[in-house]
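*Asks:* This is coords_24.txt, which holds compact mmCIF, C-alpha atoms and all ligand atoms:
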# COMPACT_ATOMS: atom_id res chain seq x y z
CA MET A 6 6.94 -14.11 2.02
CA MET A 7 3.55 -14.45 3.66
CA LYS A 8 1.42 -17.54 3.11
CA ILE A 9 -2.18 -18.20 4.14
CA CYS A 10 -2.92 -21.45 5.98
CA ILE A 11 -4.94 -23.60 3.59
CA ALA A 12 -6.94 -25.12 6.46
CA CYS A 13 -7.91 -22.13 8.63
CA GLY A 14 -6.96 -19.00 6.65
CA MET A 15 -4.48 -17.66 9.19
CA PRO A 16 -1.68 -15.59 7.65
CA MET A 17 1.71 -17.19 8.34
CA GLU A 18 4.80 -14.99 8.42
CA ASN A 19 7.24 -16.31 11.00
CA PRO A 20 8.55 -19.89 11.00
CA ALA A 21 6.74 -20.36 14.35
CA ASP A 22 3.40 -19.81 12.57
CA PHE A 23 3.94 -22.86 10.37
CA ALA A 24 3.30 -26.52 11.18
CA MET A 25 6.50 -27.96 12.74
CA GLY A 26 8.06 -24.50 12.29
CA ASP A 27 8.58 -25.38 8.63
CA PRO A 28 7.86 -22.52 6.18
CA ASP A 29 7.53 -25.05 3.34
CA LYS A 30 4.31 -26.33 4.93
CA ASP A 31 0.99 -24.97 3.64
CA PHE A 32 -0.82 -25.18 6.96
CA CYS A 33 -0.28 -23.50 10.29
CA VAL A 34 0.84 -24.64 13.71
CA HIS A 35 -2.80 -24.60 14.93
CA CYS A 36 -3.95 -26.92 12.16
CA ALA A 37 -1.23 -29.52 12.74
CA ARG A 38 -1.54 -32.67 14.81
CA GLN A 39 1.18 -33.72 17.26
CA ASP A 40 2.91 -35.72 14.51
CA GLY A 41 2.93 -32.75 12.12
CA THR A 42 0.22 -33.99 9.75
CA MET A 43 -2.77 -31.79 9.01
CA GLN A 44 -5.94 -32.19 11.05
CA SER A 45 -8.95 -33.81 9.39
CA TYR A 46 -12.03 -31.82 8.39
CA GLU A 47 -13.93 -33.01 11.48
CA GLU A 48 -11.06 -32.21 13.83
CA LYS A 49 -10.69 -28.72 12.38
CA LEU A 50 -14.43 -28.07 12.44
CA ASP A 51 -14.59 -29.08 16.11
CA SER A 52 -11.66 -26.92 17.15
CA LEU A 53 -12.82 -23.91 15.14
CA ALA A 54 -16.39 -24.13 16.50
CA ASN A 55 -15.08 -24.52 20.07
CA PHE A 56 -12.78 -21.56 19.58
CA ILE A 57 -15.70 -19.38 18.40
CA VAL A 58 -17.83 -20.45 21.37
CA ARG A 59 -15.02 -19.81 23.84
CA THR A 60 -13.84 -16.44 22.54
CA GLN A 61 -17.05 -14.98 21.05
CA GLY A 62 -19.78 -16.69 23.04
CA LEU A 63 -21.91 -17.83 20.09
CA ASP A 64 -24.48 -20.60 20.44
CA LYS A 65 -22.82 -23.97 19.84
CA GLN A 66 -24.79 -24.88 16.71
CA ALA A 67 -24.53 -21.35 15.28
CA ALA A 68 -20.77 -21.45 15.83
CA ARG A 69 -20.57 -24.81 14.06
CA ASP A 70 -22.58 -23.51 11.10
CA ALA A 71 -20.38 -20.42 10.86
CA ALA A 72 -17.23 -22.54 11.07
CA LYS A 73 -18.52 -24.72 8.22
CA GLY A 74 -19.20 -21.63 6.12
CA MET A 75 -15.73 -20.23 6.80
CA MET A 76 -14.03 -23.55 6.04
CA ALA A 77 -15.91 -23.85 2.74
CA GLN A 78 -13.89 -20.82 1.54
CA LEU A 79 -10.50 -22.36 2.29
CA PRO A 80 -8.39 -24.28 -0.26
CA ALA A 81 -8.03 -27.38 1.94
CA TRP A 82 -11.79 -27.94 2.16
CA LYS A 83 -13.14 -26.25 -0.96
CA LYS A 84 -15.27 -28.64 -2.97
CA MET B 28 4.91 -22.59 -6.73
CA THR B 29 8.46 -22.66 -8.13
CA GLN B 30 8.46 -25.92 -10.07
CA TYR B 31 5.12 -25.14 -11.69
CA ALA B 32 5.91 -21.53 -12.47
CA GLY B 33 6.22 -22.35 -16.15
CA VAL B 34 2.67 -23.64 -16.23
CA ASP B 35 1.27 -20.81 -14.11
CA GLU B 36 2.81 -18.13 -16.20
CA MET B 37 1.80 -19.45 -19.59
CA PRO B 38 0.88 -16.42 -21.67
CA GLU B 39 -2.81 -15.70 -21.33
CA SER B 40 -4.75 -14.69 -24.34
CA GLN B 41 -5.52 -11.00 -24.55
CA ARG B 42 -9.19 -11.78 -24.02
CA GLN B 43 -8.62 -13.74 -20.82
CA LYS B 44 -6.45 -10.97 -19.48
CA GLN B 45 -9.06 -8.36 -20.21
CA LYS B 46 -11.78 -10.49 -18.66
CA LYS B 47 -9.78 -10.79 -15.46
CA GLN B 48 -9.17 -7.05 -15.38
CA THR B 49 -12.83 -6.21 -15.87
CA ARG B 50 -13.77 -8.60 -13.08
CA LYS B 51 -11.27 -7.01 -10.73
CA HIS B 52 -12.44 -3.54 -11.69
CA LEU B 53 -16.07 -4.54 -11.06
CA ILE B 54 -15.20 -5.84 -7.58
CA THR B 55 -13.40 -2.60 -6.71
CA MET B 56 -16.22 -0.41 -7.97
CA ALA B 57 -18.83 -2.60 -6.27
CA PHE B 58 -16.89 -2.31 -3.01
CA ASN B 59 -16.98 1.51 -3.19
CA GLN B 60 -20.61 1.67 -4.23
CA LEU B 61 -21.74 -0.80 -1.53
CA ALA B 62 -19.86 1.17 1.13
CA LYS B 63 -21.59 4.34 -0.06
CA ASP B 64 -25.18 3.20 -0.65
CA GLY B 65 -25.40 0.11 1.56
CA LEU B 66 -25.18 -3.61 0.97
CA ILE B 67 -28.91 -4.02 0.61
CA ASN B 68 -29.81 -0.87 -1.32
CA THR B 69 -27.06 -0.70 -3.92
CA ARG B 70 -28.36 -1.70 -7.35
CA THR B 71 -26.28 -3.62 -9.87
CA ALA B 72 -27.15 -0.90 -12.41
CA ASP B 73 -25.37 1.66 -10.19
CA ILE B 74 -22.32 -0.58 -9.94
CA ALA B 75 -22.27 -0.95 -13.73
CA LYS B 76 -22.55 2.80 -14.13
CA ALA B 77 -19.76 3.49 -11.64
CA ALA B 78 -17.57 0.93 -13.40
CA GLY B 79 -18.35 2.38 -16.81
CA VAL B 80 -19.69 -0.88 -18.23
CA SER B 81 -23.10 -2.02 -19.43
CA HIS B 82 -25.50 -3.63 -17.00
CA GLY B 83 -25.20 -6.88 -18.93
CA THR B 84 -21.44 -6.95 -18.40
CA VAL B 85 -21.95 -7.25 -14.64
CA PHE B 86 -23.96 -10.43 -15.16
CA ALA B 87 -21.48 -11.80 -17.67
CA HIS B 88 -19.03 -11.92 -14.75
CA PHE B 89 -21.38 -12.69 -11.84
CA PRO B 90 -24.49 -14.82 -12.42
CA THR B 91 -26.49 -13.04 -9.70
CA ARG B 92 -26.33 -9.94 -7.52
CA ASP B 93 -25.77 -12.21 -4.50
CA ALA B 94 -22.78 -13.81 -6.20
CA LEU B 95 -21.18 -10.40 -6.70
CA LEU B 96 -22.00 -9.35 -3.15
CA THR B 97 -20.55 -12.55 -1.73
CA GLU B 98 -17.37 -12.14 -3.76
CA VAL B 99 -16.89 -8.54 -2.62
CA ILE B 100 -17.54 -9.42 1.02
CA ASN B 101 -15.21 -12.45 0.92
CA GLU B 102 -12.45 -10.38 -0.58
CA PHE B 103 -13.03 -7.70 2.02
CA GLY B 104 -12.89 -10.31 4.82
CA ALA B 105 -9.59 -11.68 3.52
CA ARG B 106 -8.09 -8.19 3.33
CA VAL B 107 -9.20 -7.13 6.81
CA THR B 108 -8.08 -10.34 8.52
CA ARG B 109 -4.69 -10.14 6.80
CA ARG B 110 -4.31 -6.52 7.91
CA LEU B 111 -5.41 -7.24 11.49
CA HIS B 112 -2.98 -10.11 11.73
CA GLU B 113 -0.21 -7.91 10.40
CA LEU B 114 -0.96 -5.17 12.93
CA ALA B 115 -1.84 -7.23 15.98
CA GLY B 116 0.54 -10.20 16.03
CA GLY B 117 2.09 -10.89 19.42
CA GLY B 118 1.25 -7.59 21.12
CA SER B 119 -0.26 -6.72 24.50
CA VAL B 120 -4.04 -6.37 24.96
CA HIS B 121 -3.61 -2.63 24.64
CA GLU B 122 -1.60 -2.96 21.41
CA ILE B 123 -4.02 -5.47 19.92
CA LEU B 124 -7.06 -3.27 20.54
CA GLU B 125 -5.19 -0.29 19.17
CA ALA B 126 -4.34 -2.32 16.07
CA HIS B 127 -7.96 -3.45 15.80
CA LEU B 128 -9.16 0.15 15.73
CA LYS B 129 -6.49 1.09 13.21
CA GLY B 130 -7.40 -1.83 10.95
CA LEU B 131 -11.12 -1.04 11.12
CA ALA B 132 -10.53 2.68 10.56
CA GLU B 133 -8.92 1.85 7.22
CA PHE B 134 -12.12 0.12 6.11
CA GLU B 135 -14.66 2.00 8.20
CA PRO B 136 -17.42 2.73 5.64
CA PHE B 137 -17.68 -0.83 4.33
CA TYR B 138 -17.20 -2.44 7.74
CA THR B 139 -19.97 -0.27 9.17
CA ARG B 140 -22.31 -1.48 6.43
CA LEU B 141 -21.47 -5.05 7.30
CA VAL B 142 -22.15 -4.40 11.00
CA ARG B 143 -25.40 -2.54 10.37
CA GLU B 144 -26.86 -4.79 7.70
CA GLY B 145 -25.20 -8.08 8.61
CA SER B 146 -28.25 -9.83 10.00
CA LEU B 147 -30.23 -9.06 6.81
CA LEU B 148 -27.57 -10.41 4.46
CA PRO B 149 -26.96 -13.87 3.02
CA GLU B 150 -25.34 -16.33 5.41
CA SER B 151 -21.97 -16.02 3.69
CA ALA B 152 -21.81 -12.33 4.60
CA ARG B 153 -22.45 -13.09 8.26
CA ASN B 154 -19.79 -15.78 8.19
CA THR B 155 -17.33 -13.21 6.90
CA LEU B 156 -18.09 -10.97 9.85
CA ILE B 157 -17.53 -13.90 12.23
CA MET B 158 -14.28 -14.65 10.40
CA ILE B 159 -13.10 -11.07 10.96
CA GLN B 160 -14.10 -11.31 14.63
CA SER B 161 -12.21 -14.60 14.89
CA ALA B 162 -9.00 -12.95 13.73
CA VAL B 163 -9.43 -10.38 16.50
CA SER B 164 -10.58 -12.77 19.22
CA PHE B 165 -7.66 -15.08 18.38
CA HIS B 166 -5.06 -12.42 19.12
CA LEU B 167 -7.01 -10.86 21.98
CA SER B 168 -7.58 -14.16 23.80
CA GLN B 169 -3.90 -15.09 23.59
CA ALA B 170 -2.78 -11.74 25.00
CA ALA B 171 -5.60 -11.67 27.58
CA GLU B 172 -4.66 -15.12 28.91
CA ARG B 173 -1.10 -13.96 29.42
CA GLU B 174 -2.17 -10.73 31.12
CA MET B 175 -4.79 -12.40 33.32
CA ALA B 176 -2.14 -14.85 34.53
CA ALA B 177 0.22 -11.95 35.22
CA GLY B 178 -2.45 -10.02 37.14
CA ILE B 179 -2.41 -7.13 34.67
CA ILE B 180 -6.06 -7.39 33.63
CA ARG B 181 -9.04 -8.79 35.53
CA ARG B 182 -10.08 -12.41 35.22
CA LEU B 183 -13.17 -12.25 33.00
CA PRO B 184 -14.78 -14.86 30.76
CA MET B 185 -13.05 -14.57 27.37
CA HIS B 186 -16.25 -14.16 25.35
CA LEU B 187 -17.46 -11.32 27.59
CA LEU B 188 -14.11 -9.61 27.49
CA PHE B 189 -14.36 -9.72 23.70
CA ASN B 190 -18.05 -8.90 23.32
CA THR B 191 -17.87 -5.94 25.70
CA TRP B 192 -15.22 -4.42 23.45
CA ILE B 193 -16.99 -5.29 20.19
CA GLY B 194 -20.31 -4.08 21.59
CA LEU B 195 -18.83 -0.71 22.43
CA VAL B 196 -17.09 -0.25 19.06
CA HIS B 197 -20.04 -1.50 17.02
CA TYR B 198 -22.52 0.73 18.87
CA TYR B 199 -20.53 3.79 17.88
CA LEU B 200 -20.09 2.56 14.31
CA ALA B 201 -23.75 1.64 13.85
CA ASN B 202 -24.84 5.06 15.09
CA GLY B 203 -22.10 7.04 13.40
CA ASP B 204 -24.65 9.53 12.03
CA LEU B 205 -25.40 10.57 15.62
CA PHE B 206 -21.92 10.42 17.10
CA SER B 207 -19.95 11.87 14.24
CA PRO B 208 -22.05 13.18 11.36
CA GLY B 209 -20.20 13.12 8.08
CA LYS B 210 -16.89 12.14 9.66
CA PRO B 211 -15.24 8.81 10.53
CA VAL B 212 -16.35 7.68 13.99
CA LEU B 213 -13.21 5.81 14.98
CA GLU B 214 -10.97 8.73 14.22
CA ARG B 215 -13.00 10.88 16.59
CA TYR B 216 -13.79 8.41 19.40
CA GLY B 217 -11.38 5.51 19.01
CA LYS B 218 -8.88 6.73 21.57
CA GLU B 219 -11.57 7.55 24.14
CA LEU B 220 -13.26 4.15 23.73
CA LEU B 221 -9.96 2.33 24.06
CA GLU B 222 -8.96 4.18 27.21
CA HIS B 223 -12.36 3.65 28.79
CA TYR B 224 -12.32 -0.06 28.01
CA LEU B 225 -8.82 -0.53 29.39
CA THR B 226 -9.91 1.16 32.62
CA LEU B 227 -12.73 -1.36 32.92
CA ILE B 228 -10.59 -4.44 32.47
CA THR B 229 -7.42 -3.39 34.29
CA GLU B 230 -6.81 -5.14 37.61
ZN ZN A 301 -4.35 -23.09 10.16
Output the file's structure in the form of structure tokens.
Ligand SMILES: [Zn+2]
*Replies:*
Amino acid sequence: MMKICIACGMPMENPADFAMGDPDKDFCVHCARQDGTMQSYEEKLDSLANFIVRTQGLDKQAARDAAKGMMAQLPAWKK
Amino acid sequence: MTQYAGVDEMPESQRQKQKKQTRKHLITMAFNQLAKDGLINTRTADIAKAAGVSHGTVFAHFPTRDALLTEVINEFGARVTRRLHELAGGGSVHEILEAHLKGLAEFEPFYTRLVREGSLLPESARNTLIMIQSAVSFHLSQAAEREMAAGIIRRLPMHLLFNTWIGLVHYYLANGDLFSPGKPVLERYGKELLEHYLTLITE
């Protein structure tokens, strides 16, 4: 069964997609810290904005704003 | 989900059920109408008409036109990213770009509207476009890193590798009326664009 990462929206199908390779987790391998806990809002915002800058070339502030907007749609950060 | 299933599946009242169905129906009809007439030009009255409900019913479900638009675009973004992930996971650069074209071709009319009108739309719509691009750039960058290291494709900055591809595809989509009047652009040119792009980046 496919799940969607609550913190970044990535679809997770294979065990390797999940945090600690554990399909019971609700967040993905990219949203997990070394110890297997979920990254904080600030950590995720930083990594998502950096990823957008690196792979899509957006302006740093524009990427950060977009990342905030995307995160606002996700269950982990929805207010 | 399992231990709470009893709570989740409590019988809904007939009214709630119908409300949910109408909302879903409105989103589907809005999606079709927006793809046809444009995200900026489509009127809520036309969506109501297409859905076979009164104009007031639209606003009983969505407080404003923007709220409906945002909902449709968000749902679209979720569907496209899920599909792209499904198609592209773990492949080569070639396979990922092929999957990208296939995924976009399935949603070409609406996606083209988003590309054409994106900069005029509310911020949430632009964020959805960036979210879709992120799903693609995520898979592409992973495959490209592998293939750059293996000497299969040229060493290029990741954002330019991505934007050169997107620029090419979006140019054809945005000018579809010139490249492929009345017919899907990607069906006609997708293969040619992909082959050309691969020639450019291959070592
Ligand atoms: Zn995640």
*Asks:* Can you build me a table of chain A residues sitting at most 8 Å from ligand ZN 301 (chain A), with the closest atom pair per residue and its distance in Å to one decimal, using only C-alpha atoms and all ligand atoms, sorted by chain and residue number, as a tab-separated table?
*Replies:*
residue	atom	partner	partner_atom	distance
A:Cys10	CA	A:ZN301	ZN	4.7
A:Ile11	CA	A:ZN301	ZN	6.6
A:Ala12	CA	A:ZN301	ZN	5.0
A:Cys13	CA	A:ZN301	ZN	4.0
A:Gly14	CA	A:ZN301	ZN	6.0
A:Met15	CA	A:ZN301	ZN	5.5
A:Phe32	CA	A:ZN301	ZN	5.2
A:Cys33	CA	A:ZN301	ZN	4.1
A:Val34	CA	A:ZN301	ZN	6.5
A:His35	CA	A:ZN301	ZN	5.2
A:Cys36	CA	A:ZN301	ZN	4.3
A:Ala37	CA	A:ZN301	ZN	7.6
*Asks:* Write out, as a PDB file, keeping the file's coordinate frame, the residues just selected, with C-alpha atoms.
*Replies:*
ATOM      1  CA  CYS A  10      -2.920 -21.450   5.980  1.00  0.00           C
ATOM      2  CA  ILE A  11      -4.940 -23.600   3.590  1.00  0.00           C
ATOM      3  CA  ALA A  12      -6.940 -25.120   6.460  1.00  0.00           C
ATOM      4  CA  CYS A  13      -7.910 -22.130   8.630  1.00  0.00           C
ATOM      5  CA  GLY A  14      -6.960 -19.000   6.650  1.00  0.00           C
ATOM      6  CA  MET A  15      -4.480 -17.660   9.190  1.00  0.00           C
ATOM      7  CA  PHE A  32      -0.820 -25.180   6.960  1.00  0.00           C
ATOM      8  CA  CYS A  33      -0.280 -23.500  10.290  1.00  0.00           C
ATOM      9  CA  VAL A  34       0.840 -24.640  13.710  1.00  0.00           C
ATOM     10  CA  HIS A  35      -2.800 -24.600  14.930  1.00  0.00           C
ATOM     11  CA  CYS A  36      -3.950 -26.920  12.160  1.00  0.00           C
ATOM     12  CA  ALA A  37      -1.230 -29.520  12.740  1.00  0.00           C
TER      13      ALA A  37
END
*Asks:* Quick check, in Å to one decimal: how far apart do CA of Leu141 in chain B and CA of Phe103 in chain B lie?
*Replies:*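 Answer for the CA of Leu141 in chain B to CA of Phe103 in chain B separation: 10.3 Å.
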*Asks:* Kindly give the distance, in Å, that separates CA of Asn202 in chain B and CA of Tyr138 in chain B, rounded to a single decimal.
*Replies:* 13.0 Å
*Asks:* Just want the 8 Å neighbourhood of range 39-55 of chain A, counted on all atoms listed in the file, with same-chain residues fewer than 4 positions away dropped. Output as a list in words.
*Replies:*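 Listed by chain and then number, they are Ala12, Ala24, Met25, Phe32, Arg59, Lys65, Ala68, Arg69, Ala71, Ala72, Lys73, Met76 and Trp82 of chain A.
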*Asks:* Residues of chain B that approach chain A to 9 Å or less, counting only C-alpha atoms: could you list each one with the shortest pair of atoms and its distance in Å to one decimal, rows by chain and increasing residue number, as a tab-separated table?
*Replies:*
residue	atom	partner	partner_atom	distance
B:Asn101	CA	A:Gln78	CA	8.5
B:Ala105	CA	A:Gly14	CA	8.4
B:Thr108	CA	A:Met15	CA	8.2
B:Arg109	CA	A:Pro16	CA	6.3
B:His112	CA	A:Pro16	CA	7.0
B:Glu113	CA	A:Pro16	CA	8.3
B:Glu150	CA	A:Gly74	CA	8.1
B:Ser151	CA	A:Gly74	CA	6.7
B:Arg153	CA	A:Ala71	CA	8.0
B:Asn154	CA	A:Ala71	CA	5.4
B:Thr155	CA	A:Met75	CA	7.2
B:Ile157	CA	A:Ala71	CA	7.2
B:Met158	CA	A:Met75	CA	6.8
B:Gln160	CA	A:Gln61	CA	8.0
B:Ser161	CA	A:Ile57	CA	6.9
B:Ala162	CA	A:Met15	CA	8.0
B:Ser164	CA	A:Thr60	CA	5.9
B:Phe165	CA	A:Thr60	CA	7.6
B:Leu167	CA	A:Thr60	CA	8.8
B:Ser168	CA	A:Thr60	CA	6.8
B:Pro184	CA	A:Thr60	CA	8.4
B:Met185	CA	A:Thr60	CA	5.2
B:His186	CA	A:Thr60	CA	4.3
B:Leu187	CA	A:Gly62	CA	7.4
B:Leu188	CA	A:Thr60	CA	8.4
B:Phe189	CA	A:Gln61	CA	6.5
B:Asn190	CA	A:Gln61	CA	6.6
*Asks:* For Leu53 in chain B, find every residue with an atom within 9 Å (counting all atoms listed in the file), except residues of its own chain fewer than 4 positions away, and show them as a list of chain:residue names.
*Replies:*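 With the cut-off at 9 Å, the set is B:Gln48, B:Thr49, B:Ala57, B:Phe58, B:Ile74, B:Ala75, B:Ala77, B:Ala78, B:Val80, B:Val85, B:His88, B:Leu95.
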*Asks:* Separation of CA of Val163 in chain B and CA of Glu122 in chain B, in Å?
*Replies:*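 Atom-to-atom, CA of Val163 in chain B to CA of Glu122 in chain B, that is 11.9 Å.
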*Asks:* As a list in words, please: the residues near range 224-227 of chain B (cut-off 10 Å, all atoms listed in the file, same-chain neighbours under 6 positions excluded).
*Replies:*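 Listing them by chain and then by number gives Val120, His121, Leu124, Ile180, Arg181, Leu188, Thr191, Trp192, Leu195 and Lys218 of chain B.
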*Asks:* Output C-alpha atoms of each residue in that selection to a file, as a PDB file, in the coordinates of the input.
*Replies:*
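Dumped to part_16.pdb:
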ATOM      1  CA  VAL B 120      -4.040  -6.370  24.960  1.00  0.00           C
ATOM      2  CA  HIS B 121      -3.610  -2.630  24.640  1.00  0.00           C
ATOM      3  CA  LEU B 124      -7.060  -3.270  20.540  1.00  0.00           C
ATOM      4  CA  ILE B 180      -6.060  -7.390  33.630  1.00  0.00           C
ATOM      5  CA  ARG B 181      -9.040  -8.790  35.530  1.00  0.00           C
ATOM      6  CA  LEU B 188     -14.110  -9.610  27.490  1.00  0.00           C
ATOM      7  CA  THR B 191     -17.870  -5.940  25.700  1.00  0.00           C
ATOM      8  CA  TRP B 192     -15.220  -4.420  23.450  1.00  0.00           C
ATOM      9  CA  LEU B 195     -18.830  -0.710  22.430  1.00  0.00           C
ATOM     10  CA  LYS B 218      -8.880   6.730  21.570  1.00  0.00           C
TER      11      LYS B 218
END
*Asks:* Just checking: using all atoms listed in the file, which residue out of B:Val107, B:Ala201, B:Ile228, B:Leu220 ends up closest to Glu125 in chain B?
*Replies:*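 Checking each of B:Val107, B:Ala201, B:Ile228, B:Leu220 against Glu125 in chain B, counting all atoms listed in the file, the winner is B:Leu220.
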*Asks:* Do a neighbour search on Gly203 in chain B at 12 Å with only C-alpha atoms, toss out local chain neighbours closer than 6 positions, and write the hits as a PDB file with C-alpha atoms, in the coordinates of the input.
*Replies:*
ATOM      1  CA  GLU B 135     -14.660   2.000   8.200  1.00  0.00           C
ATOM      2  CA  PRO B 136     -17.420   2.730   5.640  1.00  0.00           C
ATOM      3  CA  THR B 139     -19.970  -0.270   9.170  1.00  0.00           C
ATOM      4  CA  ARG B 140     -22.310  -1.480   6.430  1.00  0.00           C
ATOM      5  CA  VAL B 142     -22.150  -4.400  11.000  1.00  0.00           C
ATOM      6  CA  ARG B 143     -25.400  -2.540  10.370  1.00  0.00           C
ATOM      7  CA  VAL B 196     -17.090  -0.250  19.060  1.00  0.00           C
ATOM      8  CA  HIS B 197     -20.040  -1.500  17.020  1.00  0.00           C
ATOM      9  CA  GLY B 209     -20.200  13.120   8.080  1.00  0.00           C
ATOM     10  CA  LYS B 210     -16.890  12.140   9.660  1.00  0.00           C
ATOM     11  CA  PRO B 211     -15.240   8.810  10.530  1.00  0.00           C
ATOM     12  CA  VAL B 212     -16.350   7.680  13.990  1.00  0.00           C
ATOM     13  CA  LEU B 213     -13.210   5.810  14.980  1.00  0.00           C
ATOM     14  CA  GLU B 214     -10.970   8.730  14.220  1.00  0.00           C
ATOM     15  CA  ARG B 215     -13.000  10.880  16.590  1.00  0.00           C
ATOM     16  CA  TYR B 216     -13.790   8.410  19.400  1.00  0.00           C
TER      17      TYR B 216
END
*Asks:* Save N, CA and C atoms of range 46-68 of chain A from the block above as an mmCIF file, in the first residue's frame.
*Replies:*
data_model
loop_
_atom_site.group_PDB
_atom_site.id
_atom_site.type_symbol
_atom_site.label_atom_id
_atom_site.label_comp_id
_atom_site.auth_asym_id
_atom_site.auth_seq_id
_atom_site.Cartn_x
_atom_site.Cartn_y
_atom_site.Cartn_z
ATOM 1 N N TYR A 46 10.495 21.489 11.766
ATOM 2 C CA TYR A 46 10.009 22.356 10.692
ATOM 3 C C TYR A 46 11.161 23.138 10.061
ATOM 4 N N GLU A 47 11.999 23.737 10.888
ATOM 5 C CA GLU A 47 13.121 24.548 10.380
ATOM 6 C C GLU A 47 14.105 23.710 9.568
ATOM 7 N N GLU A 48 14.410 22.520 10.072
ATOM 8 C CA GLU A 48 15.340 21.639 9.351
ATOM 9 C C GLU A 48 14.788 21.270 7.979
ATOM 10 N N LYS A 49 13.487 20.942 7.958
ATOM 11 C CA LYS A 49 12.860 20.530 6.700
ATOM 12 C C LYS A 49 12.783 21.704 5.732
ATOM 13 N N LEU A 50 12.429 22.865 6.251
ATOM 14 C CA LEU A 50 12.336 24.063 5.410
ATOM 15 C C LEU A 50 13.689 24.373 4.775
ATOM 16 N N ASP A 51 14.746 24.293 5.568
ATOM 17 C CA ASP A 51 16.100 24.531 5.048
ATOM 18 C C ASP A 51 16.450 23.544 3.946
ATOM 19 N N SER A 52 16.201 22.249 4.205
ATOM 20 C CA SER A 52 16.644 21.251 3.233
ATOM 21 C C SER A 52 15.807 21.334 1.965
ATOM 22 N N LEU A 53 14.514 21.619 2.114
ATOM 23 C CA LEU A 53 13.649 21.719 0.935
ATOM 24 C C LEU A 53 14.029 22.939 0.083
ATOM 25 N N ALA A 54 14.271 24.076 0.759
ATOM 26 C CA ALA A 54 14.650 25.293 0.027
ATOM 27 C C ALA A 54 15.998 25.082 -0.679
ATOM 28 N N ASN A 55 16.947 24.454 0.009
ATOM 29 C CA ASN A 55 18.257 24.198 -0.605
ATOM 30 C C ASN A 55 18.139 23.265 -1.800
ATOM 31 N N PHE A 56 17.273 22.270 -1.649
ATOM 32 C CA PHE A 56 17.042 21.326 -2.752
ATOM 33 C C PHE A 56 16.477 22.053 -3.983
ATOM 34 N N ILE A 57 15.528 22.965 -3.765
ATOM 35 C CA ILE A 57 14.928 23.708 -4.881
ATOM 36 C C ILE A 57 15.975 24.602 -5.556
ATOM 37 N N VAL A 58 16.813 25.245 -4.743
ATOM 38 C CA VAL A 58 17.864 26.098 -5.304
ATOM 39 C C VAL A 58 18.836 25.252 -6.126
ATOM 40 N N ARG A 59 19.231 24.124 -5.569
ATOM 41 C CA ARG A 59 20.247 23.286 -6.228
ATOM 42 C C ARG A 59 19.732 22.657 -7.528
ATOM 43 N N THR A 60 18.498 22.160 -7.504
ATOM 44 C CA THR A 60 18.019 21.408 -8.673
ATOM 45 C C THR A 60 17.184 22.239 -9.650
ATOM 46 N N GLN A 61 16.660 23.406 -9.195
ATOM 47 C CA GLN A 61 15.826 24.208 -10.092
ATOM 48 C C GLN A 61 16.339 25.625 -10.286
ATOM 49 N N GLY A 62 17.347 26.006 -9.485
ATOM 50 C CA GLY A 62 17.998 27.290 -9.698
ATOM 51 C C GLY A 62 17.227 28.520 -9.252
ATOM 52 N N LEU A 63 16.178 28.348 -8.451
ATOM 53 C CA LEU A 63 15.405 29.518 -8.017
ATOM 54 C C LEU A 63 16.228 30.417 -7.092
ATOM 55 N N ASP A 64 15.847 31.668 -7.028
ATOM 56 C CA ASP A 64 16.398 32.604 -6.049
ATOM 57 C C ASP A 64 16.175 32.030 -4.644
ATOM 58 N N LYS A 65 17.145 32.281 -3.758
ATOM 59 C CA LYS A 65 17.111 31.653 -2.441
ATOM 60 C C LYS A 65 15.836 31.991 -1.654
ATOM 61 N N GLN A 66 15.475 33.263 -1.645
ATOM 62 C CA GLN A 66 14.285 33.674 -0.878
ATOM 63 C C GLN A 66 13.015 33.140 -1.540
ATOM 64 N N ALA A 67 12.976 33.175 -2.874
ATOM 65 C CA ALA A 67 11.804 32.659 -3.595
ATOM 66 C C ALA A 67 11.638 31.164 -3.324
ATOM 67 N N ALA A 68 12.763 30.450 -3.277
ATOM 68 C CA ALA A 68 12.713 29.012 -3.006
ATOM 69 C C ALA A 68 12.190 28.762 -1.599
#
